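Novice: Mind looking over this structure? Questions follow.
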Amino acid sequence: MILLTISLFLLLCLVIILLWKHKKDNKHLNNQILELNKQNKATVAKKTQFLATASHDLQQPHQALGLFLASINTDNLNLETTSIINKAKEAHATTSKLLNQLLDISKLDTTEKPELKPVALHKLIHNIGMKFMPIAASYGVELRIRQRKAYAKTDPVQLERMLTNILLNAFRHAKKANVLLNIREKTICDEAYWQIEVYDTGIGIPKDKQKLIFQEFTKLSKPTLSPTGLGLGLAIVKRLSDILGHPIGLRSRLGRGSCFYIALKAIYEPQKTTDQPIADSVIRQRMKVIAINDNIMLRDSLKTLLSSWGCQAKAFQSTNKALHYIKKESWRVDALIIDGTLQDTQLDLQDIQDIRTLSRQDMRMILITKEESSLFAKEAKAFGFTLLRHPIDANTLRDILGER
């Protein structure tokens, strides 16, 4: 009996020791996991900071180059010089695309969840389809559209961005055949969803690679058409899917093609709203335009571009210097362009109000901004500014200036 008691006591001690050791090991393992998570977050933060710094350092000279190229008039140049300039413009467009993809990834890491609003998906799909039919044709692809009345809450700009990346990916791999853009009703966990689908007739994706396709810098093949790219298009789709709360997925068969889809919770038809018409127009000749930018290279390139359009352009590093010039020269301004992306650019709302008072009543006010949803951008919009997304697109700027 005594021997049995001693044995049980020793066994109990052994169990306690094992439990204590297990608890200690678990605590050590948890600490290791926490440390790894901390290191991972620090690595992500460093990557985001690096890309943000790259945006500041690379985009300014790159944008200036684009504006200088856009300002060159090739009408009076010989064919060889014109060809060189056109190739330079193509190279600039390609590097812009690659740079913007990198910057998109860095921005999405810090993007807050947007406010979703009711959207007519069938109208959005129709507009996207009409816009992409000529693009599909340039890839030798026929784009077909199937749609039905469908409504969901989303951010239409970001949803279009998702579909743009998916469509371009499909065009590259469709083997000069067909791509189908389709809306289909779907029930998921007893809830009604609308599933926007993009079918291509490409080579398909192996099952063991399908989980990798939405990861950054993933390129499973090098398409013969438009080979440039960093493999970030579908990674951006995945980030936006997480931000918007729209699940995405993929079905694919080797040799038959793939179907990428986005699922959105269905809603009833919202109250009808009146769409604002979009006006096409041309810049008024000799239009007086002031550009505010602290960076001398961007100032000069924007001034050169505006002058090439026939504008009387002046550029200043601050609103105060612009106001001083207007008062001194009695210069009535037609349009004011302010770069709101640079922290060093000196902006004063009172100066801007004084410029507006001394200028034409219908003076255009344009703010170049990286984030249209920022508090600064919203306040500027309420003040009367039209927001222009950075980096500047010359054609978009021209359209805004041309509006009556």
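Chain identifiers are assigned as A, B, and so on, following the order in which chains appear in the structure tokens; residues are numbered from 1 within each chain, and ligands are numbered from 1 in order of appearance.
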Which residues are close to region 317-328 of chain A, i.e. within 8 Å by only C-alpha atoms, leaving aside same-chain residues fewer than 2 positions away? Reply as number ranges by chain.

Specialist: A: 290, 292-296, 299, 315, 330-332, 345-348, 351-352, 354-355, 358

Novice: Write out as JSON, numbers by chain all residues of region 316-357 of chain A that backbone DSSP assigns to strand (DSSP E or B).

Specialist: {"A": [316, 318, 335, 336, 337, 338, 339, 346]}

Novice: Between A:Leu401, A:Ile243, A:Leu349, A:Met130, single out the one closest to Ala335 (chain A), counting only C-alpha atoms.

Specialist: A:Leu401

Novice: One number please: CA of Met162 (chain A) to CA of Leu244 (chain A), in Å, one decimal.

Specialist: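 Separation of CA of Met162 (chain A) and CA of Leu244 (chain A): 10.6 Å.
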
Novice: Applying 12 Å and only C-alpha atoms, which residues near Glu115 (chain A) remain after dropping the ones on its own chain fewer than 3 positions away? List them as a list in words.

Specialist: Thr111, Glu112, Pro118, Lys153, Thr154, Asp155, Pro156, Val157, Gln158, Ile243, Leu244, Gly245 and Ser373 of chain A

Novice: Could you please determine the separation between CA of Ala382 (chain A) and CA of Gln353 (chain A) in Å, to one decimal place?

Specialist: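 Separation of CA of Ala382 (chain A) and CA of Gln353 (chain A): 13.0 Å.
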